[in-house]
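Visitor: Before anything else, here's the structure in question.
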Amino acid sequence: MPAHKPLFSCRTEWELSPNQIFTTLENLRKDNVTVFDLTESNPTRCGLNYPQEIFQSLANEGNLQYDPSPKGSMVAREAISHYYKTKNIKVDPAQIFLTSSTSEAYSFLFRLLVNPQETVMFPRPSYPLFSFLGDLNDIKMDTYPLMSENQWAIDVVQLKKNIHPATKVLVTVNPNNPTGSCIQKKELEALNNLCAQHNMALISDEVFWDFASERREEAVSLAGNDAVLTFTLGGLSKVLGLPQMKLSWIIVSGPEAVVQEAQNRLEVIADTYLSVNTPAQNALDTWLSLKDSIQDKIITRLKHNREFLMTKIQSVPNCQLIPSEGGWYVVLKIPNSQTEEKWVMDFLTQDNVFVHPGYFFDFQEEGFIILSLLPKEDVFSEGVRRIFQRLERD
């Protein structure tokens, strides 16, 4: 008989059973219990009114023709170039590659830069999706810490210690999700020096860049970084609050010779998949012209919910709102009288409020919960009231 061999790959050997928190959430919803979901980060489920021009721009006869380009259509890339020009960042359309999502962009770049079992370094805390992307692309994932006591600045000393010969890429999330911290000029200098010294590339995930609340003056985008090979990511899921339109991009920058080599290789990868749909590319110029009206609605929602949260937290001395410079999330420091998971379960089972525990984002310390600022204002305010009532009692 042939030797037994596994049917599935080891890269998908994840723990797939839901944890206690999500099992409880699903049971409440099955029982038709109203849950105040303060984790909602999908703008299409948050009661925002989108301009009708979004739909009208899809009625384009050109959508019935297929003229694939590995980088994406020139019209779409020129629209993205203009988008950056409004931010005083010069990006040539030739530097831009379109992808269907930021996740796909990461996969393209990991395939471009990293051999199996080599290492990519991610910030900690950060979004849990990274561990799945690492597994699917056969890379080893390592982390470098953000310092909570210093407004989530990069711990450059520890970052240096964590780099080893197999480290190929440093990833930044700018602003970070969920801490909202932005890359500062001095941090970028340190990252550039480390990448040059160790022959590494930089990836900067800047999907939240347009949503800054208290961004410090020294914060910088990496879209114009030319000191080392740099890939800056953006996309419609955040810029326009349209995740369903499935269009993101990679901007390639750095020293001319290495940029050209990167573009040549990346073009082959993109040409292999050709994943970006034609209607989104044809509509992109119109959609980006609507950016201000869409973002104004999102920013107003974020502002009002943050202001409500700041007003209510003043009456809860054992709770602290951690300063944030951007993004859609806020981090609350809560008492250590019980575990994060116990707090989250209490909020869910006794108050019908759903929040994320800090460990979901790989926080190194206990005592944090994460809230999205996107939910409808009545949902957010009621959920926050219930959370603080419990914290005041306990």
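Residues are named by chain letter and number: chains run A, B, ... in the order of the structure tokens, numbers start at 1 in each chain, and ligands are numbered from 1 in the order shown.
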I'd like the contact shell of Asp142 of chain A - 10 Å cut-off, only C-alpha atoms, skipping same-chain residues fewer than 6 positions apart - returned as a list of chain:residue names.
Guide: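 Near neighbours after the sequence-gap exclusion: A:Thr119, A:Val120, A:Met121, A:Phe122, A:Pro123, A:Arg124, A:Ser131, A:Gly134, A:Asn162, A:Ile163, A:Thr167, A:Leu170.
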Visitor: Write out, as a PDB file, in the first residue's frame, the residues just selected, with N, CA and C atoms.
Guide:
ATOM      1  N   THR A 119      12.288  35.720   6.465  1.00  0.00           N
ATOM      2  CA  THR A 119      11.516  36.426   7.491  1.00  0.00           C
ATOM      3  C   THR A 119      11.051  37.805   7.039  1.00  0.00           C
ATOM      4  N   VAL A 120       9.816  38.127   7.407  1.00  0.00           N
ATOM      5  CA  VAL A 120       9.253  39.474   7.265  1.00  0.00           C
ATOM      6  C   VAL A 120       8.906  39.960   8.659  1.00  0.00           C
ATOM      7  N   MET A 121       9.253  41.203   8.964  1.00  0.00           N
ATOM      8  CA  MET A 121       9.000  41.767  10.289  1.00  0.00           C
ATOM      9  C   MET A 121       7.813  42.720  10.246  1.00  0.00           C
ATOM     10  N   PHE A 122       6.885  42.489  11.178  1.00  0.00           N
ATOM     11  CA  PHE A 122       5.668  43.285  11.281  1.00  0.00           C
ATOM     12  C   PHE A 122       5.636  44.008  12.623  1.00  0.00           C
ATOM     13  N   PRO A 123       4.937  45.155  12.677  1.00  0.00           N
ATOM     14  CA  PRO A 123       4.799  45.836  13.971  1.00  0.00           C
ATOM     15  C   PRO A 123       3.884  45.067  14.910  1.00  0.00           C
ATOM     16  N   ARG A 124       4.142  45.226  16.193  1.00  0.00           N
ATOM     17  CA  ARG A 124       3.289  44.612  17.224  1.00  0.00           C
ATOM     18  C   ARG A 124       2.975  45.670  18.268  1.00  0.00           C
ATOM     19  N   SER A 131      -0.734  37.153  10.072  1.00  0.00           N
ATOM     20  CA  SER A 131      -0.296  35.787  10.322  1.00  0.00           C
ATOM     21  C   SER A 131      -0.807  34.837   9.237  1.00  0.00           C
ATOM     22  N   GLY A 134       1.227  35.449   6.080  1.00  0.00           N
ATOM     23  CA  GLY A 134       2.532  34.825   6.220  1.00  0.00           C
ATOM     24  C   GLY A 134       2.482  33.336   5.935  1.00  0.00           C
ATOM     25  N   ASN A 162      16.186  42.408  16.680  1.00  0.00           N
ATOM     26  CA  ASN A 162      15.371  41.351  16.093  1.00  0.00           C
ATOM     27  C   ASN A 162      15.756  41.005  14.658  1.00  0.00           C
ATOM     28  N   ILE A 163      16.513  41.877  14.001  1.00  0.00           N
ATOM     29  CA  ILE A 163      16.922  41.618  12.620  1.00  0.00           C
ATOM     30  C   ILE A 163      18.006  40.539  12.601  1.00  0.00           C
ATOM     31  N   THR A 167      16.168  38.013   7.583  1.00  0.00           N
ATOM     32  CA  THR A 167      15.147  39.062   7.550  1.00  0.00           C
ATOM     33  C   THR A 167      15.235  39.810   6.224  1.00  0.00           C
ATOM     34  N   LEU A 170      10.852  44.783   6.091  1.00  0.00           N
ATOM     35  CA  LEU A 170      10.213  45.428   7.232  1.00  0.00           C
ATOM     36  C   LEU A 170       8.872  45.992   6.771  1.00  0.00           C
TER      37      LEU A 170
END
Visitor: Please extract the residues of segment 94-339 of chain A with a backbone DSSP assignment of strand (DSSP E or B) and present them as a ChimeraX atom specification.
Guide: /A:96-99,119-124,140-147,153-154,167-173,184,201-205,212,219,230-235,248-253,320-321,326,329-333
Visitor: Rounded to one decimal place, report the atom CA of Leu229 of chain A-atom CA of Val258 of chain A distance in Å.
Guide: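 Atom CA of Val258 of chain A lies at a distance of 6.9 Å from atom CA of Leu229 of chain A.
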Visitor: As a ChimeraX atom specification, which residues of segment 71-295 of chain A does DSSP assign to alpha helix (DSSP H)?
Guide: /A:74-85,102-113,129-136,156-162,185-198,236-239,256-273,278-289,291-295
Visitor: Please write the residues from the selection above to a file, keeping C-alpha atoms, as an mmCIF file, in the first residue's frame.
Guide:
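The resulting file, again18.cif, is shown below:
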data_model
loop_
_atom_site.group_PDB
_atom_site.id
_atom_site.type_symbol
_atom_site.label_atom_id
_atom_site.label_comp_id
_atom_site.auth_asym_id
_atom_site.auth_seq_id
_atom_site.Cartn_x
_atom_site.Cartn_y
_atom_site.Cartn_z
ATOM 1 C CA MET A 74 -3.044 53.996 -17.608
ATOM 2 C CA VAL A 75 -6.253 55.987 -16.957
ATOM 3 C CA ALA A 76 -6.622 54.396 -13.525
ATOM 4 C CA ARG A 77 -2.955 54.851 -12.645
ATOM 5 C CA GLU A 78 -3.072 58.499 -13.704
ATOM 6 C CA ALA A 79 -6.084 58.980 -11.414
ATOM 7 C CA ILE A 80 -4.082 57.557 -8.498
ATOM 8 C CA SER A 81 -1.111 59.755 -9.423
ATOM 9 C CA HIS A 82 -3.400 62.808 -9.287
ATOM 10 C CA TYR A 83 -4.787 61.648 -5.932
ATOM 11 C CA TYR A 84 -1.274 61.781 -4.491
ATOM 12 C CA LYS A 85 -0.579 65.112 -6.179
ATOM 13 C CA THR A 102 -4.186 45.081 -0.133
ATOM 14 C CA SER A 103 -3.975 41.410 0.861
ATOM 15 C CA GLU A 104 -3.188 40.525 -2.745
ATOM 16 C CA ALA A 105 -0.608 43.314 -2.826
ATOM 17 C CA TYR A 106 1.130 41.772 0.183
ATOM 18 C CA SER A 107 1.121 38.361 -1.498
ATOM 19 C CA PHE A 108 2.640 39.789 -4.689
ATOM 20 C CA LEU A 109 5.365 41.520 -2.696
ATOM 21 C CA PHE A 110 6.157 38.514 -0.529
ATOM 22 C CA ARG A 111 6.510 36.429 -3.703
ATOM 23 C CA LEU A 112 8.734 39.139 -5.178
ATOM 24 C CA LEU A 113 11.013 39.605 -2.194
ATOM 25 C CA LEU A 129 -4.548 39.168 9.146
ATOM 26 C CA PHE A 130 -0.768 39.225 8.793
ATOM 27 C CA SER A 131 -0.296 35.787 10.322
ATOM 28 C CA PHE A 132 -2.555 34.228 7.660
ATOM 29 C CA LEU A 133 -0.773 36.066 4.848
ATOM 30 C CA GLY A 134 2.532 34.825 6.220
ATOM 31 C CA ASP A 135 1.366 31.211 6.298
ATOM 32 C CA LEU A 136 -0.110 31.344 2.799
ATOM 33 C CA VAL A 156 14.180 50.990 17.237
ATOM 34 C CA VAL A 157 16.615 49.439 19.710
ATOM 35 C CA GLN A 158 14.604 46.218 19.893
ATOM 36 C CA LEU A 159 13.981 46.286 16.153
ATOM 37 C CA LYS A 160 17.751 46.262 15.537
ATOM 38 C CA LYS A 161 18.134 43.286 17.868
ATOM 39 C CA ASN A 162 15.371 41.351 16.093
ATOM 40 C CA LYS A 185 10.551 61.504 10.179
ATOM 41 C CA LYS A 186 13.126 60.237 12.669
ATOM 42 C CA GLU A 187 11.607 56.758 12.591
ATOM 43 C CA LEU A 188 11.762 56.719 8.790
ATOM 44 C CA GLU A 189 15.428 57.695 8.923
ATOM 45 C CA ALA A 190 16.095 54.787 11.272
ATOM 46 C CA LEU A 191 14.136 52.363 9.062
ATOM 47 C CA ASN A 192 15.983 53.516 5.946
ATOM 48 C CA ASN A 193 19.349 53.099 7.658
ATOM 49 C CA LEU A 194 18.487 49.588 8.857
ATOM 50 C CA CYS A 195 17.168 48.526 5.445
ATOM 51 C CA ALA A 196 20.249 49.875 3.687
ATOM 52 C CA GLN A 197 22.567 48.227 6.195
ATOM 53 C CA HIS A 198 20.881 44.819 5.988
ATOM 54 C CA LEU A 236 -10.471 52.035 -2.136
ATOM 55 C CA SER A 237 -11.572 50.056 0.905
ATOM 56 C CA LYS A 238 -10.487 52.952 3.125
ATOM 57 C CA VAL A 239 -9.849 55.915 0.781
ATOM 58 C CA GLU A 256 16.516 53.818 -9.738
ATOM 59 C CA ALA A 257 18.378 50.596 -10.587
ATOM 60 C CA VAL A 258 16.697 48.436 -7.960
ATOM 61 C CA VAL A 259 13.286 49.993 -8.670
ATOM 62 C CA GLN A 260 13.540 49.019 -12.329
ATOM 63 C CA GLU A 261 14.444 45.440 -11.431
ATOM 64 C CA ALA A 262 11.558 45.296 -8.925
ATOM 65 C CA GLN A 263 9.097 46.626 -11.500
ATOM 66 C CA ASN A 264 10.214 44.140 -14.142
ATOM 67 C CA ARG A 265 9.725 41.202 -11.803
ATOM 68 C CA LEU A 266 6.499 42.551 -10.280
ATOM 69 C CA GLU A 267 5.058 43.036 -13.753
ATOM 70 C CA VAL A 268 5.423 39.317 -14.444
ATOM 71 C CA ILE A 269 3.647 38.474 -11.173
ATOM 72 C CA ALA A 270 0.814 40.896 -11.924
ATOM 73 C CA ASP A 271 0.535 39.641 -15.510
ATOM 74 C CA THR A 272 0.149 36.088 -14.212
ATOM 75 C CA TYR A 273 -3.023 36.988 -12.296
ATOM 76 C CA THR A 278 -12.165 46.495 -15.774
ATOM 77 C CA PRO A 279 -15.260 48.389 -14.466
ATOM 78 C CA ALA A 280 -13.452 49.544 -11.314
ATOM 79 C CA GLN A 281 -10.477 50.759 -13.352
ATOM 80 C CA ASN A 282 -12.702 52.660 -15.773
ATOM 81 C CA ALA A 283 -14.660 54.282 -12.938
ATOM 82 C CA LEU A 284 -11.695 55.132 -10.729
ATOM 83 C CA ASP A 285 -11.139 58.675 -11.990
ATOM 84 C CA THR A 286 -14.777 59.567 -11.269
ATOM 85 C CA TRP A 287 -14.748 57.783 -7.928
ATOM 86 C CA LEU A 288 -11.637 59.582 -6.719
ATOM 87 C CA SER A 289 -13.209 62.920 -7.698
ATOM 88 C CA LYS A 291 -13.261 61.448 -2.393
ATOM 89 C CA ASP A 292 -13.845 64.609 -0.391
ATOM 90 C CA SER A 293 -17.620 64.172 -0.084
ATOM 91 C CA ILE A 294 -17.271 60.522 0.952
ATOM 92 C CA GLN A 295 -14.416 61.143 3.356
#
